[in-house]
file input-v4.txt (compact mmCIF, C-alpha atoms)
# COMPACT_ATOMS: atom_id res chain seq x y z
CA MET W 224 40.78 65.13 -35.76
CA THR W 225 41.98 64.07 -39.20
CA GLN W 226 40.72 60.67 -40.33
CA GLU W 227 43.33 58.23 -41.61
CA PRO W 228 43.18 57.86 -45.39
CA ARG W 229 41.71 54.62 -46.66
CA SER W 230 42.68 52.61 -49.71
CA LEU W 231 41.51 49.52 -51.57
CA VAL W 232 43.30 46.24 -50.96
CA GLY W 233 44.01 45.65 -54.68
CA PRO W 234 43.72 42.36 -56.64
CA VAL W 235 41.45 39.66 -55.22
CA LEU W 236 43.43 37.72 -52.64
CA ILE W 237 43.08 34.40 -50.86
CA SER W 238 42.56 34.83 -47.13
CA SER W 239 42.80 32.23 -44.37
CA ARG W 240 39.96 33.03 -42.02
CA THR W 241 39.14 30.59 -39.26
CA PHE W 242 36.10 28.60 -38.22
CA ALA W 243 35.64 31.05 -35.33
CA ASN W 244 35.81 33.97 -37.79
CA TYR W 245 32.97 32.41 -39.78
CA LEU W 246 30.76 31.95 -36.72
CA SER W 247 31.18 35.62 -35.86
CA GLN W 248 31.08 37.28 -39.26
CA PHE W 249 28.11 35.26 -40.58
CA ALA W 250 26.20 35.16 -37.26
CA VAL W 251 25.78 31.39 -37.35
CA THR W 252 26.06 28.74 -34.65
CA GLU W 253 27.64 25.33 -34.84
CA ALA W 254 24.13 23.85 -34.70
CA ASP W 255 23.11 25.95 -37.73
CA LEU W 256 26.06 24.61 -39.66
CA LEU W 257 25.62 20.98 -38.64
CA ALA W 258 22.13 21.08 -40.13
CA GLY W 259 23.88 21.58 -43.54
CA PRO W 260 25.08 20.83 -46.08
CA VAL W 261 26.99 24.11 -46.35
CA LEU W 262 28.66 25.77 -49.33
CA ASP W 263 31.65 28.05 -48.72
CA CYS W 264 32.07 30.23 -51.80
CA PRO W 265 34.71 31.49 -52.17
CA GLY W 266 36.46 29.19 -49.74
CA GLY W 267 39.94 30.64 -50.15
CA ALA W 268 42.40 29.16 -47.66
CA ALA W 269 40.01 29.06 -44.70
CA ASP W 270 40.00 26.10 -42.33
CA PHE W 271 36.22 26.52 -41.97
CA ALA W 272 35.04 23.58 -44.07
CA SER W 273 37.62 21.11 -42.78
CA GLU W 274 36.80 22.08 -39.19
CA LEU W 275 33.08 21.72 -39.83
CA ARG W 276 33.59 18.25 -41.29
CA ALA W 277 35.74 17.33 -38.27
CA ARG W 278 32.75 18.26 -36.09
CA GLY W 279 30.43 16.01 -38.08
CA GLY W 280 29.09 18.52 -40.60
CA ARG W 281 28.97 18.49 -44.39
CA ALA W 282 30.67 21.26 -46.33
CA VAL W 283 32.03 21.92 -49.80
CA SER W 284 34.37 24.79 -50.66
CA VAL W 285 34.53 26.48 -54.06
CA ASP W 286 37.29 28.73 -55.33
CA PRO W 287 38.95 29.22 -58.74
CA SER W 288 42.34 28.75 -57.07
CA TYR W 289 41.58 25.10 -56.34
CA ASP W 290 42.73 24.12 -59.82
CA LEU W 291 46.31 24.87 -58.67
CA SER W 292 48.72 22.27 -57.35
CA VAL W 293 49.37 22.18 -53.61
CA ASP W 294 52.72 23.93 -54.10
CA GLU W 295 51.24 26.58 -56.39
CA LEU W 296 48.37 27.19 -54.00
CA THR W 297 50.76 27.49 -51.06
CA ALA W 298 52.74 30.15 -52.89
CA THR W 299 49.54 32.00 -53.83
CA ILE W 300 48.34 31.98 -50.22
CA ASP W 301 51.69 33.28 -48.98
CA ALA W 302 51.61 36.07 -51.56
CA GLY W 303 48.08 37.00 -50.54
CA ARG W 304 49.06 37.15 -46.88
CA THR W 305 51.96 39.46 -47.72
CA GLN W 306 49.63 41.62 -49.83
CA VAL W 307 47.05 42.06 -47.09
CA ILE W 308 49.64 42.70 -44.37
CA GLU W 309 51.37 45.39 -46.39
CA TRP W 310 48.01 46.97 -47.19
CA ALA W 311 46.99 46.84 -43.52
CA ARG W 312 50.14 48.79 -42.64
CA THR W 313 48.76 51.70 -44.67
CA GLN W 314 45.59 51.70 -42.53
CA PRO W 315 46.83 52.31 -38.96
CA GLY W 316 43.44 53.55 -37.80
CA ARG W 317 41.84 50.21 -38.67
CA PHE W 318 44.41 47.49 -37.99
CA SER W 319 46.76 46.76 -35.08
CA PHE W 320 50.38 45.62 -35.14
CA ASP W 321 52.40 44.57 -32.10
CA GLU W 322 55.72 46.04 -31.04
CA ASP W 323 57.53 43.60 -33.34
CA GLY W 324 55.50 44.76 -36.33
CA VAL W 325 53.33 41.62 -36.51
CA TRP W 326 49.71 42.14 -37.60
CA GLU W 327 47.36 40.81 -34.93
CA HIS W 328 45.60 38.40 -37.33
CA SER W 329 48.69 37.10 -39.12
CA PRO W 330 49.69 34.19 -36.80
CA VAL W 331 46.11 32.91 -36.50
CA TRP W 332 45.49 33.08 -40.24
CA GLU W 333 48.82 31.41 -40.95
CA ASP W 334 47.79 28.48 -38.76
CA SER W 335 44.42 28.35 -40.50
CA ALA W 336 46.15 28.21 -43.88
CA LYS W 337 48.30 25.29 -42.73
CA ARG W 338 45.22 23.34 -41.66
CA PHE W 339 43.52 24.16 -44.94
CA LEU W 340 46.51 23.07 -47.03
CA ALA W 341 46.81 19.78 -45.16
CA ASP W 342 43.12 19.05 -45.80
CA PHE W 343 43.35 20.22 -49.41
CA ALA W 344 46.27 17.84 -49.99
CA ARG W 345 44.30 14.96 -48.42
CA ASP W 346 41.34 15.79 -50.62
CA ARG W 347 43.53 15.68 -53.73
CA ALA W 348 45.05 12.35 -52.68
CA GLU W 349 41.76 10.70 -51.68
CA GLY W 350 39.46 12.26 -54.29
CA THR W 351 36.81 13.25 -51.75
CA ASP W 352 35.87 16.32 -53.83
CA HIS W 353 35.52 18.66 -50.85
CA TYR W 354 37.25 21.41 -52.82
CA ARG W 355 35.86 22.35 -56.22
CA ALA W 356 37.52 24.72 -58.68
CA ALA W 357 34.82 27.06 -60.00
CA LEU W 358 34.12 30.75 -60.45
CA LEU W 359 30.97 32.70 -59.75
CA PRO W 360 28.51 33.22 -61.36
CA GLU W 361 28.62 29.59 -62.54
CA LEU W 362 28.70 26.79 -59.95
CA PRO W 363 28.90 23.04 -60.70
CA PHE W 364 25.97 22.01 -58.50
CA GLU W 365 22.32 21.03 -58.93
CA ASP W 366 19.54 23.29 -57.73
CA ASP W 367 19.05 23.23 -53.93
CA SER W 368 22.25 21.30 -53.29
CA PHE W 369 22.88 23.16 -50.02
CA ALA W 370 20.87 24.36 -47.06
CA LEU W 371 23.18 27.34 -46.60
CA ALA W 372 25.76 29.18 -48.67
CA LEU W 373 28.30 31.47 -47.04
CA SER W 374 30.14 34.03 -49.15
CA GLY W 375 32.74 36.26 -47.56
CA PHE W 376 35.08 38.95 -48.80
CA LEU W 377 34.37 38.79 -52.51
CA LEU W 378 31.03 40.38 -53.40
CA PHE W 379 30.87 44.00 -52.22
CA THR W 380 34.53 43.80 -51.08
CA TYR W 381 35.81 44.15 -54.65
CA ALA W 382 33.08 46.40 -56.05
CA ASP W 383 35.80 48.28 -57.91
CA GLN W 384 36.59 45.11 -59.88
CA PHE W 385 33.17 43.44 -60.26
CA ASP W 386 30.26 45.40 -61.68
CA HIS W 387 26.62 45.43 -60.60
CA ALA W 388 25.62 42.85 -63.20
CA PHE W 389 28.20 40.43 -61.80
CA HIS W 390 26.91 40.96 -58.26
CA LEU W 391 23.35 40.22 -59.31
CA ALA W 392 24.32 37.16 -61.36
CA ALA W 393 26.48 35.81 -58.53
CA LEU W 394 23.69 36.19 -55.97
CA ARG W 395 21.17 34.52 -58.26
CA GLU W 396 23.55 31.60 -58.70
CA LEU W 397 24.18 31.23 -54.96
CA LEU W 398 20.41 31.32 -54.40
CA ARG W 399 19.94 28.67 -57.06
CA VAL W 400 22.12 26.17 -55.23
CA ALA W 401 21.16 27.16 -51.65
CA ARG W 402 17.90 28.33 -50.15
CA GLU W 403 19.69 30.63 -47.69
CA VAL W 404 22.71 32.77 -48.53
CA ARG W 405 24.75 34.92 -46.14
CA LEU W 406 27.25 37.53 -47.29
CA HIS W 407 29.85 39.51 -45.35
CA PRO W 408 30.90 42.31 -45.29
CA LEU W 409 28.67 44.86 -47.03
CA THR W 410 31.54 47.29 -47.64
CA ASP W 411 34.47 47.39 -50.00
CA SER W 412 37.99 46.95 -48.66
CA SER W 413 38.25 50.68 -47.94
CA GLY W 414 35.17 50.49 -45.71
CA VAL W 415 32.72 52.15 -48.12
CA PRO W 416 29.24 50.53 -48.22
CA TYR W 417 28.15 48.98 -51.51
CA PRO W 418 26.30 51.89 -53.18
CA ARG W 419 23.71 49.84 -55.08
CA LEU W 420 22.68 47.43 -52.34
CA GLU W 421 19.09 48.69 -52.13
CA GLU W 422 18.69 48.35 -55.89
CA LEU W 423 20.12 44.84 -55.74
CA LEU W 424 17.74 43.80 -52.96
CA ASP W 425 14.73 45.31 -54.74
CA THR W 426 15.54 43.26 -57.85
CA LEU W 427 15.84 40.06 -55.81
CA ALA W 428 12.67 40.85 -53.84
CA ALA W 429 10.74 40.95 -57.13
CA GLU W 430 12.05 37.42 -57.72
CA GLY W 431 10.78 36.12 -54.38
CA VAL W 432 13.90 36.62 -52.28
CA ARG W 433 13.57 37.99 -48.75
CA SER W 434 16.46 39.87 -47.19
CA ARG W 435 17.60 41.23 -43.86
CA VAL W 436 20.79 42.79 -42.56
CA LEU W 437 22.30 41.56 -39.29
CA THR W 438 24.66 43.48 -37.04
CA VAL W 439 27.70 41.30 -36.36
CA THR W 440 31.18 41.55 -34.90
CA GLY W 441 33.81 42.22 -37.57
CA THR W 442 36.66 39.73 -37.45
CA SER W 443 39.41 41.91 -38.90
CA ASP W 444 37.93 45.42 -39.01
CA PRO W 445 35.35 46.46 -36.38
CA ASN W 446 33.60 48.57 -39.03
CA GLU W 447 32.79 45.44 -41.05
CA ASN W 448 29.81 44.88 -38.80
CA GLU W 449 26.97 43.90 -41.13
CA THR W 450 25.98 40.64 -42.79
CA LEU W 451 23.32 40.19 -45.45
CA VAL W 452 20.91 37.25 -45.21
CA LEU W 453 18.98 36.20 -48.32
CA LEU W 454 16.17 33.61 -48.26
CA ARG W 455 14.24 32.14 -51.17
CA ASP W 456 10.51 31.63 -50.68
call {"tool": "encode", "arguments": {"input": "input-v4.txt", "output": "structure tokens"}}
result
Amino acid sequence: MTQEPRSLVGPVLISSRTFANYLSQFAVTEADLLAGPVLDCPGGAADFASELRARGGRAVSVDPSYDLSVDELTATIDAGRTQVIEWARTQPGRFSFDEDGVWEHSPVWEDSAKRFLADFARDRAEGTDHYRAALLPELPFEDDSFALALSGFLLFTYADQFDHAFHLAALRELLRVAREVRLHPLTDSSGVPYPRLEELLDTLAAEGVRSRVLTVTGTSDPNENETLVLLRD
């Protein structure tokens, strides 16, 4: 049987994953999150942080796109959704479309984006500072500002665009601001595992960072089934 060809998704895009996606892909419970505070980096257009706050938690989202206006960000999110849908069409062995040609995740992520944008607009109007414009590997927070940092679909996902030095610097920075860091997935967008993960973990271990890999349920691709947990001593 011939395996379907795989390709990379292209430029870094803003996705709109849901609170439920986060629970699954990072192997966390609502109780884990409510113990917070939690950093979502990059936050993209996920409704995760707004939903966590609605449940009584504390969360801050970081993304370089947050320096855009609401209208500019809306257009960027729409373009990213189009980009990922068109890419998914080239990967029929990985992603499902219904008889009308609608990607299975598209309606749910569109709703998530709407909730995010409404909360982002409120944040801008009220100055609550829940959304911070910043770019790894430099974050505008004091040491140990968060109990947990979640980082999805940036590191490892775009290994073709970010080199090993960036990955190491980004992880060090996340570990500076949070004692525990969870990353998902451990593959690039074509499904290939990050080739220098062991080297990365050995370097961090020498700096007092413990690591373990959890088996999880992928939220868009079943093969994205691993999450990395990093803990500072």
call {"tool": "residues_around", "arguments": {"input": "input-v4.txt", "residues": "Phe379 (chain W)", "least_positions_apart": "3", "cutoff": "10 Å", "atoms": "all atoms listed in the file", "output": "MDAnalysis selection string"}}
result
chainID W and resid 375:376 382:387 390 406:412 415:420
call {"tool": "write_last_selection", "arguments": {"input": "input-v4.txt", "atoms": "C-alpha atoms", "output": "tab-separated table (two decimals), keeping the file's coordinate frame"}}
result
chain	number	residue	atom	x	y	z
W	375	GLY	CA	32.74	36.26	-47.56
W	376	PHE	CA	35.08	38.95	-48.80
W	382	ALA	CA	33.08	46.40	-56.05
W	383	ASP	CA	35.80	48.28	-57.91
W	384	GLN	CA	36.59	45.11	-59.88
W	385	PHE	CA	33.17	43.44	-60.26
W	386	ASP	CA	30.26	45.40	-61.68
W	387	HIS	CA	26.62	45.43	-60.60
W	390	HIS	CA	26.91	40.96	-58.26
W	406	LEU	CA	27.25	37.53	-47.29
W	407	HIS	CA	29.85	39.51	-45.35
W	408	PRO	CA	30.90	42.31	-45.29
W	409	LEU	CA	28.67	44.86	-47.03
W	410	THR	CA	31.54	47.29	-47.64
W	411	ASP	CA	34.47	47.39	-50.00
W	412	SER	CA	37.99	46.95	-48.66
W	415	VAL	CA	32.72	52.15	-48.12
W	416	PRO	CA	29.24	50.53	-48.22
W	417	TYR	CA	28.15	48.98	-51.51
W	418	PRO	CA	26.30	51.89	-53.18
W	419	ARG	CA	23.71	49.84	-55.08
W	420	LEU	CA	22.68	47.43	-52.34
call {"tool": "residues_around", "arguments": {"input": "input-v4.txt", "residues": "Asp342 (chain W)", "least_positions_apart": "2", "cutoff": "10 Å", "atoms": "all atoms listed in the file", "output": "short mmCIF file (atom, residue, chain, number, x, y, z; two decimals) with C-alpha atoms, keeping the file's coordinate frame"}}
result
data_model
loop_
_atom_site.label_atom_id
_atom_site.label_comp_id
_atom_site.auth_asym_id
_atom_site.auth_seq_id
_atom_site.Cartn_x
_atom_site.Cartn_y
_atom_site.Cartn_z
CA ASP W 270 40.00 26.10 -42.33
CA ALA W 272 35.04 23.58 -44.07
CA SER W 273 37.62 21.11 -42.78
CA GLU W 274 36.80 22.08 -39.19
CA ALA W 336 46.15 28.21 -43.88
CA LYS W 337 48.30 25.29 -42.73
CA ARG W 338 45.22 23.34 -41.66
CA PHE W 339 43.52 24.16 -44.94
CA LEU W 340 46.51 23.07 -47.03
CA ALA W 344 46.27 17.84 -49.99
CA ARG W 345 44.30 14.96 -48.42
CA ASP W 346 41.34 15.79 -50.62
CA ARG W 347 43.53 15.68 -53.73
CA ALA W 348 45.05 12.35 -52.68
CA HIS W 353 35.52 18.66 -50.85
CA TYR W 354 37.25 21.41 -52.82
#
call {"tool": "atom_distance", "arguments": {"input": "input-v4.txt", "atom1": "CA of Asp352 (chain W)", "atom2": "CA of Val331 (chain W)"}}
result
26.1 Å
call {"tool": "atom_distance", "arguments": {"input": "input-v4.txt", "atom1": "CA of Ala258 (chain W)", "atom2": "CA of Ser368 (chain W)"}}
result
13.2 Å
call {"tool": "closest_residue", "arguments": {"input": "input-v4.txt", "among": "W:Glu349, W:Glu361, W:Glu430, W:Glu327", "to": "Pro287 (chain W)", "atoms": "only C-alpha atoms"}}
result
W:Glu361
call {"tool": "atom_distance", "arguments": {"input": "input-v4.txt", "atom1": "CA of Arg405 (chain W)", "atom2": "CA of Arg281 (chain W)"}}
result
17.1 Å
call {"tool": "closest_residue", "arguments": {"input": "input-v4.txt", "among": "W:Pro363, W:Gly303, W:Gly431, W:Pro265", "to": "Leu378 (chain W)", "atoms": "only C-alpha atoms"}}
result
W:Pro265
call {"tool": "residues_around", "arguments": {"input": "input-v4.txt", "residues": "Asp456 (chain W)", "least_positions_apart": "4", "cutoff": "12 Å", "atoms": "only C-alpha atoms", "output": "MDAnalysis selection string"}}
result
chainID W and resid 398:399 401:403 427:434
call {"tool": "closest_residue", "arguments": {"input": "input-v4.txt", "among": "W:Glu447, W:Arg435, W:Leu423, W:Tyr289", "to": "Thr380 (chain W)", "atoms": "all atoms listed in the file"}}
result
W:Glu447
call {"tool": "residues_around", "arguments": {"input": "input-v4.txt", "residues": "Ala311 (chain W)", "least_positions_apart": "3", "cutoff": "12 Å", "atoms": "all atoms listed in the file", "output": "PDB file with C-alpha atoms, in the coordinates of the input"}}
result
ATOM      1  CA  PRO W 228      43.180  57.860 -45.390  1.00  0.00           C
ATOM      2  CA  ARG W 229      41.710  54.620 -46.660  1.00  0.00           C
ATOM      3  CA  SER W 230      42.680  52.610 -49.710  1.00  0.00           C
ATOM      4  CA  LEU W 231      41.510  49.520 -51.570  1.00  0.00           C
ATOM      5  CA  VAL W 232      43.300  46.240 -50.960  1.00  0.00           C
ATOM      6  CA  GLY W 233      44.010  45.650 -54.680  1.00  0.00           C
ATOM      7  CA  ARG W 304      49.060  37.150 -46.880  1.00  0.00           C
ATOM      8  CA  THR W 305      51.960  39.460 -47.720  1.00  0.00           C
ATOM      9  CA  GLN W 306      49.630  41.620 -49.830  1.00  0.00           C
ATOM     10  CA  VAL W 307      47.050  42.060 -47.090  1.00  0.00           C
ATOM     11  CA  ILE W 308      49.640  42.700 -44.370  1.00  0.00           C
ATOM     12  CA  GLN W 314      45.590  51.700 -42.530  1.00  0.00           C
ATOM     13  CA  PRO W 315      46.830  52.310 -38.960  1.00  0.00           C
ATOM     14  CA  GLY W 316      43.440  53.550 -37.800  1.00  0.00           C
ATOM     15  CA  ARG W 317      41.840  50.210 -38.670  1.00  0.00           C
ATOM     16  CA  PHE W 318      44.410  47.490 -37.990  1.00  0.00           C
ATOM     17  CA  SER W 319      46.760  46.760 -35.080  1.00  0.00           C
ATOM     18  CA  PHE W 320      50.380  45.620 -35.140  1.00  0.00           C
ATOM     19  CA  GLY W 324      55.500  44.760 -36.330  1.00  0.00           C
ATOM     20  CA  VAL W 325      53.330  41.620 -36.510  1.00  0.00           C
ATOM     21  CA  TRP W 326      49.710  42.140 -37.600  1.00  0.00           C
ATOM     22  CA  GLU W 327      47.360  40.810 -34.930  1.00  0.00           C
ATOM     23  CA  HIS W 328      45.600  38.400 -37.330  1.00  0.00           C
ATOM     24  CA  SER W 329      48.690  37.100 -39.120  1.00  0.00           C
ATOM     25  CA  SER W 412      37.990  46.950 -48.660  1.00  0.00           C
ATOM     26  CA  SER W 413      38.250  50.680 -47.940  1.00  0.00           C
ATOM     27  CA  SER W 443      39.410  41.910 -38.900  1.00  0.00           C
ATOM     28  CA  ASP W 444      37.930  45.420 -39.010  1.00  0.00           C
TER      29      ASP W 444
END
call {"tool": "closest_residue", "arguments": {"input": "input-v4.txt", "among": "W:Asp323, W:Leu257, W:Leu391, W:Gly267", "to": "Asp290 (chain W)", "atoms": "only C-alpha atoms"}}
result
W:Gly267
call {"tool": "residues_around", "arguments": {"input": "input-v4.txt", "residues": "Arg355 (chain W)", "least_positions_apart": "6", "cutoff": "7 Å", "atoms": "all atoms listed in the file", "output": "mmCIF file with C-alpha atoms, keeping the file's coordinate frame"}}
result
data_model
loop_
_atom_site.group_PDB
_atom_site.id
_atom_site.type_symbol
_atom_site.label_atom_id
_atom_site.label_comp_id
_atom_site.auth_asym_id
_atom_site.auth_seq_id
_atom_site.Cartn_x
_atom_site.Cartn_y
_atom_site.Cartn_z
ATOM 1 C CA SER W 284 34.370 24.790 -50.660
ATOM 2 C CA VAL W 285 34.530 26.480 -54.060
ATOM 3 C CA ASP W 286 37.290 28.730 -55.330
ATOM 4 C CA TYR W 289 41.580 25.100 -56.340
#
call {"tool": "closest_residue", "arguments": {"input": "input-v4.txt", "among": "W:Asn448, W:Phe343, W:Glu421, W:Thr313", "to": "Ser292 (chain W)", "atoms": "only C-alpha atoms"}}
result
W:Phe343
